[in-house]
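Q: Next comes the structure file start-v3.cif, holding mmCIF, C-alpha atoms.
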```
data_model
#
loop_
_atom_site.label_atom_id
_atom_site.label_comp_id
_atom_site.auth_asym_id
_atom_site.auth_seq_id
_atom_site.Cartn_x
_atom_site.Cartn_y
_atom_site.Cartn_z
CA MET A 1 85.02 92.11 71.01
CA LEU A 2 87.98 89.83 71.76
CA ASP A 3 89.62 90.99 68.52
CA VAL A 4 89.07 94.64 69.51
CA PHE A 5 90.73 94.06 72.90
CA THR A 6 93.62 92.22 71.27
CA GLN A 7 94.23 94.93 68.67
CA HIS A 8 93.70 97.83 71.10
CA PRO A 9 95.17 96.94 74.52
CA TRP A 10 94.44 100.44 75.87
CA TRP A 11 90.72 99.80 75.37
CA LEU A 12 90.95 96.57 77.36
CA ALA A 13 92.90 98.37 80.11
CA THR A 14 90.32 101.17 80.32
CA CYS A 15 87.39 98.75 80.48
CA LEU A 16 89.09 96.65 83.14
CA LEU A 17 89.90 99.66 85.32
CA VAL A 18 86.32 100.95 85.16
CA LEU A 19 84.93 97.46 85.72
CA GLY A 20 87.23 96.96 88.71
CA LEU A 21 86.16 100.25 90.28
CA VAL A 22 82.48 99.36 89.89
CA VAL A 23 83.00 95.84 91.25
CA GLY A 24 84.97 97.33 94.16
CA SER A 25 81.92 99.42 95.05
CA PHE A 26 79.79 96.27 95.03
CA LEU A 27 82.37 94.42 97.13
CA ASN A 28 81.97 97.10 99.81
CA VAL A 29 78.30 96.15 99.96
CA VAL A 30 79.13 92.43 100.16
CA ILE A 31 81.73 92.98 102.89
CA TYR A 32 79.30 94.94 105.05
CA ARG A 33 76.01 93.15 104.41
CA LEU A 34 76.84 89.48 103.95
CA PRO A 35 77.90 88.92 107.60
CA LEU A 36 74.74 90.70 108.77
CA MET A 37 72.64 88.49 106.49
CA MET A 38 74.36 85.40 107.88
CA GLN A 39 73.74 86.47 111.48
CA ALA A 40 70.07 87.17 110.73
CA GLN A 41 69.73 83.71 109.18
CA TRP A 42 71.35 82.11 112.23
CA ARG A 43 68.85 83.87 114.50
CA ARG A 44 65.96 82.61 112.39
CA ASP A 45 67.40 79.09 112.44
CA CYS A 46 67.76 79.20 116.22
CA CYS A 47 64.18 80.39 116.64
CA GLU A 48 62.96 77.60 114.36
CA LEU A 49 65.00 75.01 116.27
CA LEU A 50 63.67 76.24 119.63
CA GLU A 51 60.15 76.51 118.17
CA GLN A 52 59.99 80.19 118.97
CA PRO A 53 58.64 82.99 116.77
CA ALA A 54 61.18 84.86 114.72
CA PRO A 55 61.99 88.41 115.89
CA ALA A 56 59.27 90.72 114.60
CA ASP A 57 61.65 93.67 114.26
CA GLU A 58 64.21 91.77 112.15
CA PRO A 59 65.01 94.12 109.23
CA SER A 60 64.89 92.70 105.73
CA LEU A 61 68.39 92.83 104.28
CA SER A 62 69.94 91.57 101.06
CA LEU A 63 72.77 92.59 98.78
CA ALA A 64 70.28 94.49 96.60
CA ALA A 65 67.94 96.04 99.18
CA PRO A 66 67.56 98.40 100.90
CA ASN A 67 69.37 101.07 98.92
CA SER A 68 72.70 102.32 100.25
CA HIS A 69 72.38 105.06 102.86
CA CYS A 70 74.45 107.03 105.32
CA PRO A 71 74.87 105.01 108.53
CA ALA A 72 74.64 108.20 110.61
CA CYS A 73 71.63 110.11 109.23
CA LYS A 74 70.09 107.27 107.13
CA ALA A 75 69.84 109.56 104.09
CA SER A 76 69.76 107.64 100.81
CA ILE A 77 72.87 107.87 98.68
CA ARG A 78 72.03 109.28 95.25
CA PRO A 79 73.47 107.61 92.14
CA TRP A 80 75.80 110.55 91.46
CA GLN A 81 77.03 110.29 95.05
CA ASN A 82 77.95 106.64 94.55
CA ILE A 83 80.48 106.89 91.72
CA PRO A 84 83.52 104.86 92.81
CA VAL A 85 86.38 106.98 94.26
CA PHE A 86 85.24 110.12 92.38
CA SER A 87 82.21 110.76 94.60
CA TYR A 88 84.26 110.29 97.76
CA LEU A 89 86.78 112.87 96.58
CA THR A 90 84.20 115.43 95.42
CA LEU A 91 82.26 115.12 98.69
CA GLY A 92 85.44 115.57 100.69
CA GLY A 93 84.99 112.17 102.33
CA LYS A 94 81.79 113.29 104.08
CA CYS A 95 78.07 112.55 103.80
CA ALA A 96 76.36 115.06 101.50
CA ASN A 97 73.46 115.38 103.95
CA CYS A 98 74.87 115.38 107.51
CA ARG A 99 78.59 115.90 106.73
CA VAL A 100 79.63 113.01 108.95
CA ARG A 101 82.96 111.55 107.84
CA ILE A 102 82.80 108.47 105.59
CA SER A 103 85.33 105.72 106.19
CA PRO A 104 88.22 105.97 103.70
CA ARG A 105 88.15 102.19 103.40
CA TYR A 106 85.36 102.41 100.83
CA PRO A 107 87.40 104.24 98.16
CA VAL A 108 90.50 102.23 99.09
CA VAL A 109 88.65 98.97 98.34
CA GLU A 110 87.33 100.41 95.07
CA LEU A 111 90.74 101.66 93.99
CA LEU A 112 92.50 98.45 95.03
CA THR A 113 89.99 96.34 93.09
CA GLY A 114 90.31 98.59 90.04
CA LEU A 115 94.11 98.57 90.04
CA LEU A 116 94.41 94.82 90.60
CA THR A 117 91.89 94.16 87.83
CA LEU A 118 93.85 96.44 85.50
CA TRP A 119 97.14 94.77 86.44
CA LEU A 120 95.72 91.31 85.76
CA GLY A 121 94.61 92.50 82.34
CA LEU A 122 98.14 93.63 81.55
CA HIS A 123 99.52 90.36 82.91
CA TYR A 124 97.19 87.88 81.17
CA GLY A 125 95.77 89.79 78.22
CA ALA A 126 92.32 89.02 76.82
CA SER A 127 91.96 85.34 77.75
CA LEU A 128 90.03 82.84 79.83
CA GLN A 129 92.84 83.04 82.39
CA LEU A 130 92.10 86.74 82.81
CA LEU A 131 88.42 86.03 83.48
CA GLY A 132 89.29 83.43 86.09
CA ALA A 133 91.99 85.57 87.69
CA VAL A 134 89.75 88.60 88.18
CA LEU A 135 86.93 86.49 89.65
CA LEU A 136 89.36 84.87 92.09
CA THR A 137 90.86 88.26 92.99
CA TRP A 138 87.47 89.84 93.67
CA ALA A 139 86.46 86.92 95.88
CA LEU A 140 89.74 87.07 97.82
CA ILE A 141 89.32 90.82 98.47
CA ALA A 142 85.83 90.24 99.89
CA LEU A 143 86.93 87.27 102.00
CA THR A 144 89.95 89.15 103.35
CA LEU A 145 87.94 92.06 104.70
CA ILE A 146 85.01 89.98 105.93
CA ASP A 147 87.39 87.77 107.90
CA TYR A 148 89.27 90.81 109.20
CA ASP A 149 86.02 92.41 110.42
CA THR A 150 84.12 89.38 111.71
CA GLN A 151 86.45 86.33 111.64
CA LEU A 152 84.02 84.67 109.24
CA LEU A 153 84.73 83.14 105.83
CA PRO A 154 81.26 82.70 104.32
CA ASP A 155 80.40 79.43 102.59
CA ASP A 156 78.47 81.57 100.11
CA ILE A 157 81.86 82.63 98.71
CA THR A 158 84.34 79.86 99.55
CA LEU A 159 82.31 76.92 98.24
CA PRO A 160 81.34 78.44 94.86
CA LEU A 161 84.97 79.53 94.56
CA LEU A 162 86.12 75.93 95.01
CA TRP A 163 83.72 74.54 92.39
CA LEU A 164 84.50 77.35 89.95
CA GLY A 165 88.21 76.60 90.23
CA LEU A 166 87.60 72.94 89.43
CA ALA A 167 85.30 73.88 86.54
CA LEU A 168 87.84 76.24 84.97
CA ASN A 169 90.57 73.64 85.26
CA ILE A 170 88.58 71.00 83.37
CA SER A 171 90.27 72.48 80.31
CA GLY A 172 93.51 73.16 82.20
CA THR A 173 93.02 76.94 82.40
CA PHE A 174 95.53 77.26 85.26
CA VAL A 175 96.58 73.68 86.07
CA PRO A 176 95.61 70.19 84.89
CA LEU A 177 92.33 68.94 86.38
CA ALA A 178 94.06 66.14 88.32
CA ASP A 179 96.32 68.69 90.04
CA ALA A 180 93.28 70.84 90.84
CA VAL A 181 91.36 67.94 92.41
CA LEU A 182 94.38 66.91 94.46
CA GLY A 183 94.86 70.55 95.44
CA ALA A 184 91.30 70.82 96.74
CA ILE A 185 91.61 67.57 98.71
CA ALA A 186 95.04 68.41 100.12
CA GLY A 187 94.13 72.01 100.88
CA TYR A 188 91.21 70.99 103.05
CA GLY A 189 92.95 67.98 104.54
CA ILE A 190 96.14 69.79 105.60
CA LEU A 191 94.43 72.47 107.68
CA TRP A 192 91.82 69.99 108.96
CA SER A 193 94.68 67.83 110.27
CA VAL A 194 96.44 70.84 111.83
CA TYR A 195 93.18 71.90 113.47
CA TRP A 196 92.59 68.52 115.12
CA LEU A 197 96.23 68.03 116.12
CA PHE A 198 96.26 71.44 117.79
CA LYS A 199 92.93 70.74 119.50
CA LEU A 200 94.09 67.36 120.82
CA LEU A 201 97.31 68.88 122.18
CA THR A 202 95.87 72.07 123.69
CA GLY A 203 92.12 71.53 123.97
CA LYS A 204 91.59 74.73 121.97
CA GLU A 205 90.49 75.50 118.43
CA GLY A 206 93.35 77.08 116.50
CA MET A 207 91.38 78.05 113.37
CA GLY A 208 87.95 77.86 111.81
CA TYR A 209 86.51 75.56 109.17
CA GLY A 210 86.33 78.49 106.76
CA ASP A 211 90.13 78.42 106.56
CA PHE A 212 90.01 74.76 105.43
CA LYS A 213 87.54 75.65 102.68
CA LEU A 214 89.52 78.68 101.52
CA LEU A 215 92.74 76.68 101.18
CA ALA A 216 90.80 73.93 99.39
CA ALA A 217 89.48 76.55 96.95
CA LEU A 218 93.00 77.88 96.34
CA GLY A 219 94.19 74.33 95.75
CA ALA A 220 91.38 73.83 93.23
CA TRP A 221 92.49 76.95 91.34
CA LEU A 222 96.25 76.64 91.54
CA GLY A 223 96.97 72.93 92.07
CA TRP A 224 98.55 71.01 94.92
CA GLN A 225 102.09 72.14 94.01
CA VAL A 226 101.45 75.70 95.20
CA LEU A 227 99.97 74.71 98.59
CA PRO A 228 103.32 74.54 100.46
CA LEU A 229 104.13 78.04 99.23
CA ILE A 230 100.73 79.39 100.33
CA ILE A 231 100.99 77.77 103.77
CA LEU A 232 104.56 78.99 104.30
CA LEU A 233 103.90 82.58 103.20
CA SER A 234 100.63 82.90 105.12
CA SER A 235 102.13 81.40 108.28
CA LEU A 236 105.19 83.65 108.19
CA VAL A 237 103.19 86.82 107.59
CA GLY A 238 100.56 85.79 110.15
CA ALA A 239 103.25 85.15 112.77
CA VAL A 240 104.96 88.49 112.11
CA VAL A 241 101.69 90.43 112.25
CA GLY A 242 100.54 88.57 115.35
CA ILE A 243 103.76 89.30 117.22
CA ALA A 244 103.63 92.94 116.10
CA LEU A 245 100.05 93.30 117.40
CA MET A 246 101.02 91.80 120.74
CA LEU A 247 103.93 94.23 121.07
CA ILE A 248 102.27 97.38 119.72
CA LYS A 249 98.69 96.97 120.96
CA ARG A 250 99.59 94.71 123.89
CA ARG A 251 97.13 92.08 122.74
CA GLY A 252 97.28 88.82 124.63
CA ARG A 253 97.96 85.52 122.91
CA GLU A 254 94.39 84.46 123.70
CA VAL A 255 92.98 87.14 121.35
CA PRO A 256 92.18 85.38 118.04
CA ILE A 257 93.75 86.64 114.82
CA PRO A 258 91.99 85.90 111.52
CA PHE A 259 94.07 83.64 109.26
CA GLY A 260 91.98 84.12 106.12
CA PRO A 261 93.59 87.42 105.01
CA TYR A 262 97.04 85.82 105.02
CA LEU A 263 95.81 82.78 103.10
CA ALA A 264 94.12 85.08 100.57
CA ALA A 265 97.23 87.25 100.11
CA ALA A 266 99.49 84.21 99.74
CA GLY A 267 97.02 82.63 97.33
CA TRP A 268 96.98 85.75 95.15
CA LEU A 269 100.78 85.78 95.06
CA GLY A 270 100.65 82.11 94.11
CA LEU A 271 98.22 82.92 91.31
CA VAL A 272 100.39 85.58 89.73
CA TRP A 273 103.96 84.60 90.61
CA GLY A 274 103.62 81.06 91.97
CA GLU A 275 105.80 79.39 89.33
CA GLN A 276 108.56 82.00 89.61
CA ILE A 277 108.59 81.90 93.43
CA LEU A 278 108.67 78.10 93.46
CA ALA A 279 111.47 78.03 90.88
CA ALA A 280 113.53 80.52 92.92
CA TRP A 281 112.79 78.61 96.12
CA LEU A 282 113.83 75.27 94.67
CA GLY A 283 116.86 76.83 93.02
CA THR A 284 118.03 78.30 96.32
CA ALA A 285 117.61 74.90 97.96
CA GLY A 286 119.65 73.31 95.17
CA LEU A 287 116.77 71.11 94.05
CA GLN A 288 116.95 72.17 90.43
CA PRO A 289 119.70 73.19 88.06
#
```
In structure tokens, what does this structure look like?

A:
Amino acid sequence: MLDVFTQHPWWLATCLLVLGLVVGSFLNVVIYRLPLMMQAQWRRDCCELLEQPAPADEPSLSLAAPNSHCPACKASIRPWQNIPVFSYLTLGGKCANCRVRISPRYPVVELLTGLLTLWLGLHYGASLQLLGAVLLTWALIALTLIDYDTQLLPDDITLPLLWLGLALNISGTFVPLADAVLGAIAGYGILWSVYWLFKLLTGKEGMGYGDFKLLAALGAWLGWQVLPLIILLSSLVGAVVGIALMLIKRRGREVPIPFGPYLAAAGWLGLVWGEQILAAWLGTAGLQP
């Protein structure tokens, strides 16, 4: 199969686009259901800690069950109504049963995942780097939207992502293993230090522990050298967006803004163009010939 993909790049591109669209559809499920599953587990844990019975009306929810359905009329979505992007367009963006409008974010996530997966295939070709890059990209898309919606960065994604990055770099897939280990340690330690310094100075929590774990995971994938770039880009974009929200929506400074989406975006840029950006940055500063 690898030989077929190498000899016929168009076949690889087609497979990656279709795969990305399908995975994007699954990511929509993860983005919506995983926070609900976490909250349900927290309620059960609290009941167990307080020695109280668990809520009897707690619905059973997983990534596989129940089947997808319209949130308005609860009608089940048929397989032919769940084809990524195509079904949304043919249904006119509305439920086939009650005609209530479906959020356009679903096809946008599917299309974004498909296009990024295709682009990575063109960038890396059929290789182990491609496999790692698409897995990291899919995880970052899910984390971005979960954090945007709920200000949560689930351990169920960040921790496996960290260990997978270290595992792939045993053979130096992206960076040498030593750089990956130092990246994981430094990524967690930098934001942990910022968190406690901010808390000691202000008495407030400036970010969540999920941000530490996400930066540690990015360090495990990309090495410690890319961490300054990720922190700088995410901080600049976060500051600009935060100021814009305060001016446009008149949001107060006390309203929290999720930092995970900016870390994820900066990490993806570091994955694809990290070396070029660092070289240009150092060249501008006169630190390299």

Q: If you measure from CA of Cys95 (chain A) to CA of Met38 (chain A), what distance in Å do you get, rounded to one decimal?

A: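 So the two atoms, CA of Cys95 (chain A) and CA of Met38 (chain A), lie 27.7 Å apart.
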
Q: What does the distance from CA of Gly208 (chain A) to CA of Ala239 (chain A) come to in Å, to one decimal?

A: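 Straight-line distance from CA of Gly208 (chain A) to CA of Ala239 (chain A) works out to 17.0 Å.
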
Q: Near Ala13 (chain A), within 8 Å and counting only C-alpha atoms, which residues show up once chain neighbours fewer than 2 positions away are dropped, as a list in words?

A: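 Skipping anything fewer than 2 positions along the chain leaves Pro9, Trp10, Trp11, Cys15, Leu16, Leu17, Leu118, Gly121 and Leu122 of chain A.
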
Q: From the list A:Glu110, A:Asp211, A:Asp147, A:Glu205, which residue is nearest Leu27 (chain A) when using all atoms listed in the file?

A: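 Nearest to Leu27 (chain A): A:Glu110.
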
Q: Skipping near chain neighbours, those fewer than 5 positions away, what residues fall within 9 Å of Leu140 (chain A) using only C-alpha atoms, listed as a VMD selection string?

A: chain A and resid 135 145 261 264 to 265 267 to 268

Q: Quick one: everything within 12 Å of Leu131 (chain A), counting all atoms listed in the file, minus sequence neighbours fewer than 4 positions away in the same chain. Send it as a PyMOL selection string.

A: chain A and resi 16+117-118+120-121+123-127+135-138+164-165+168+173-174

Q: What's around Leu159 (chain A) at 10 Å? Count all atoms listed in the file, leave out sequence neighbours fewer than 4 positions away in its own chain, and write the answer as a PyMOL selection string.

A: chain A and resi 154-155+163-165+210+213-214+216-217

Q: Of the candidates A:Leu112, A:Met37, A:Val23, A:Leu161, which shows the shortest atom-to-atom distance to Ile83 (chain A), using all atoms listed in the file?

A: A:Val23

Q: Which residue gives the smallest distance to Gly172 (chain A) among A:Tyr209, A:Tyr262, A:Gly132, A:Leu116, with only C-alpha atoms counted?

A: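 Of A:Tyr209, A:Tyr262, A:Gly132, A:Leu116, the one nearest Gly172 (chain A) is A:Gly132, counting only C-alpha atoms.
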
Q: Between CA of Asp57 (chain A) and CA of Arg43 (chain A), measure the distance and give it in Å to one decimal.

A: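 Going from CA of Asp57 (chain A) over to CA of Arg43 (chain A) covers 12.2 Å.
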
Q: Considering all atoms listed in the file, return as a PyMOL selection string whatever protein or nucleic-acid residues lie within 10 Å of Tyr195 (chain A), sequence-local ones (same chain, fewer than 3 positions apart) excluded.

A: chain A and resi 189-192+198-200+204-209+211-212

Q: Written as a list in words, which residues does the PyMOL selection byres ((chain A and resi 109) around 10) give for the file shown?

A: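 Selected by the PyMOL selection byres ((chain A and resi 109) around 10) in this file: Gly20, Leu21, Val23, Gly24, Ser25, Phe26, Leu27, Asn28, Pro84, Val85, Pro104, Arg105, Tyr106, Pro107, Val108, Glu110, Leu111, Leu112, Thr113, Gly114, Leu115, Ile141, Ala142 and Leu145 of chain A.
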
Q: Any chance you could resolve the PyMOL selection byres ((chain A and resi 94) around 12) against this file and give the residues as a PDB file with C-alpha atoms, keeping the file's coordinate frame?

A:
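Output (result.pdb):
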```pdb
ATOM      1  CA  CYS A  70      74.450 107.030 105.320  1.00  0.00           C
ATOM      2  CA  PRO A  71      74.870 105.010 108.530  1.00  0.00           C
ATOM      3  CA  ALA A  72      74.640 108.200 110.610  1.00  0.00           C
ATOM      4  CA  CYS A  73      71.630 110.110 109.230  1.00  0.00           C
ATOM      5  CA  ILE A  77      72.870 107.870  98.680  1.00  0.00           C
ATOM      6  CA  GLN A  81      77.030 110.290  95.050  1.00  0.00           C
ATOM      7  CA  SER A  87      82.210 110.760  94.600  1.00  0.00           C
ATOM      8  CA  TYR A  88      84.260 110.290  97.760  1.00  0.00           C
ATOM      9  CA  LEU A  89      86.780 112.870  96.580  1.00  0.00           C
ATOM     10  CA  THR A  90      84.200 115.430  95.420  1.00  0.00           C
ATOM     11  CA  LEU A  91      82.260 115.120  98.690  1.00  0.00           C
ATOM     12  CA  GLY A  92      85.440 115.570 100.690  1.00  0.00           C
ATOM     13  CA  GLY A  93      84.990 112.170 102.330  1.00  0.00           C
ATOM     14  CA  CYS A  95      78.070 112.550 103.800  1.00  0.00           C
ATOM     15  CA  ALA A  96      76.360 115.060 101.500  1.00  0.00           C
ATOM     16  CA  ASN A  97      73.460 115.380 103.950  1.00  0.00           C
ATOM     17  CA  CYS A  98      74.870 115.380 107.510  1.00  0.00           C
ATOM     18  CA  ARG A  99      78.590 115.900 106.730  1.00  0.00           C
ATOM     19  CA  VAL A 100      79.630 113.010 108.950  1.00  0.00           C
ATOM     20  CA  ARG A 101      82.960 111.550 107.840  1.00  0.00           C
ATOM     21  CA  ILE A 102      82.800 108.470 105.590  1.00  0.00           C
ATOM     22  CA  SER A 103      85.330 105.720 106.190  1.00  0.00           C
ATOM     23  CA  PRO A 104      88.220 105.970 103.700  1.00  0.00           C
ATOM     24  CA  TYR A 106      85.360 102.410 100.830  1.00  0.00           C
TER      25      TYR A 106
END
```

Q: Let me make sure I understand: among A:Ile31, A:Ala280, A:Val175, A:Leu229, which one has the smallest atom-to-atom distance to Leu153 (chain A) if we use all atoms listed in the file?

A: A:Ile31

Q: Evaluate the PyMOL selection byres ((chain A and resi 177) around 10) here and jot the selected residues down as a ChimeraX atom specification.

A: /A:165-176,178-183,220-221,223

Q: Let me make sure I understand: among A:Pro53, A:Val30, A:Thr14, A:Leu232, which one has the smallest atom-to-atom distance to Ile157 (chain A) if we use all atoms listed in the file?

A: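 Looking at the shortest contact to Ile157 (chain A), the residue is A:Val30.
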
Q: All heavy atoms for region 56-66 of chain A, written as a compact mmCIF listing (two decimals), in the coordinates of the input, could you do that?

A:
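And here is the file that came out, out19.txt:
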```
# COMPACT_ATOMS: atom_id res chain seq x y z
N ALA A 56 60.17 89.94 115.46
CA ALA A 56 59.27 90.72 114.60
C ALA A 56 59.96 91.94 114.02
O ALA A 56 59.57 92.43 112.95
CB ALA A 56 58.04 91.14 115.39
N ASP A 57 60.99 92.44 114.70
CA ASP A 57 61.65 93.67 114.26
C ASP A 57 62.90 93.38 113.43
O ASP A 57 63.71 94.27 113.20
CB ASP A 57 62.03 94.53 115.46
CG ASP A 57 62.95 93.78 116.43
OD1 ASP A 57 63.06 92.54 116.30
OD2 ASP A 57 63.53 94.43 117.32
N GLU A 58 63.05 92.13 112.96
CA GLU A 58 64.21 91.77 112.15
C GLU A 58 64.14 92.49 110.81
O GLU A 58 63.23 92.27 110.02
CB GLU A 58 64.26 90.27 111.92
CG GLU A 58 65.49 89.77 111.20
CD GLU A 58 66.70 89.70 112.12
OE1 GLU A 58 66.72 88.85 113.02
OE2 GLU A 58 67.62 90.52 111.93
N PRO A 59 65.08 93.40 110.50
CA PRO A 59 65.01 94.12 109.23
C PRO A 59 65.31 93.20 108.06
O PRO A 59 66.12 92.28 108.16
CB PRO A 59 66.10 95.20 109.39
CG PRO A 59 67.06 94.62 110.37
CD PRO A 59 66.25 93.78 111.31
N SER A 60 64.64 93.46 106.94
CA SER A 60 64.89 92.70 105.73
C SER A 60 66.14 93.26 105.06
O SER A 60 66.23 94.45 104.77
CB SER A 60 63.69 92.81 104.79
OG SER A 60 63.94 92.13 103.58
N LEU A 61 67.11 92.38 104.82
CA LEU A 61 68.39 92.83 104.28
C LEU A 61 68.88 91.85 103.24
O LEU A 61 68.84 90.64 103.43
CB LEU A 61 69.43 92.95 105.41
CG LEU A 61 70.81 93.50 105.03
CD1 LEU A 61 70.71 94.96 104.59
CD2 LEU A 61 71.78 93.36 106.20
N SER A 62 69.33 92.38 102.11
CA SER A 62 69.94 91.57 101.06
C SER A 62 71.03 92.41 100.42
O SER A 62 71.24 93.57 100.78
CB SER A 62 68.90 91.15 100.01
OG SER A 62 68.49 92.27 99.24
N LEU A 63 71.73 91.83 99.46
CA LEU A 63 72.77 92.59 98.78
C LEU A 63 72.20 93.66 97.87
O LEU A 63 72.90 94.61 97.50
CB LEU A 63 73.66 91.64 97.96
CG LEU A 63 74.45 90.59 98.75
CD1 LEU A 63 75.29 89.74 97.81
CD2 LEU A 63 75.34 91.25 99.81
N ALA A 64 70.90 93.53 97.52
CA ALA A 64 70.28 94.49 96.60
C ALA A 64 69.39 95.51 97.32
O ALA A 64 69.18 96.61 96.79
CB ALA A 64 69.45 93.74 95.56
N ALA A 65 68.88 95.16 98.48
CA ALA A 65 67.94 96.04 99.18
C ALA A 65 68.22 95.98 100.68
O ALA A 65 68.63 94.94 101.20
CB ALA A 65 66.50 95.62 98.89
N PRO A 66 67.98 97.08 101.40
CA PRO A 66 67.56 98.40 100.90
C PRO A 66 68.69 99.13 100.19
O PRO A 66 69.84 98.66 100.19
CB PRO A 66 67.16 99.12 102.20
CG PRO A 66 68.06 98.52 103.23
CD PRO A 66 68.18 97.07 102.85
```
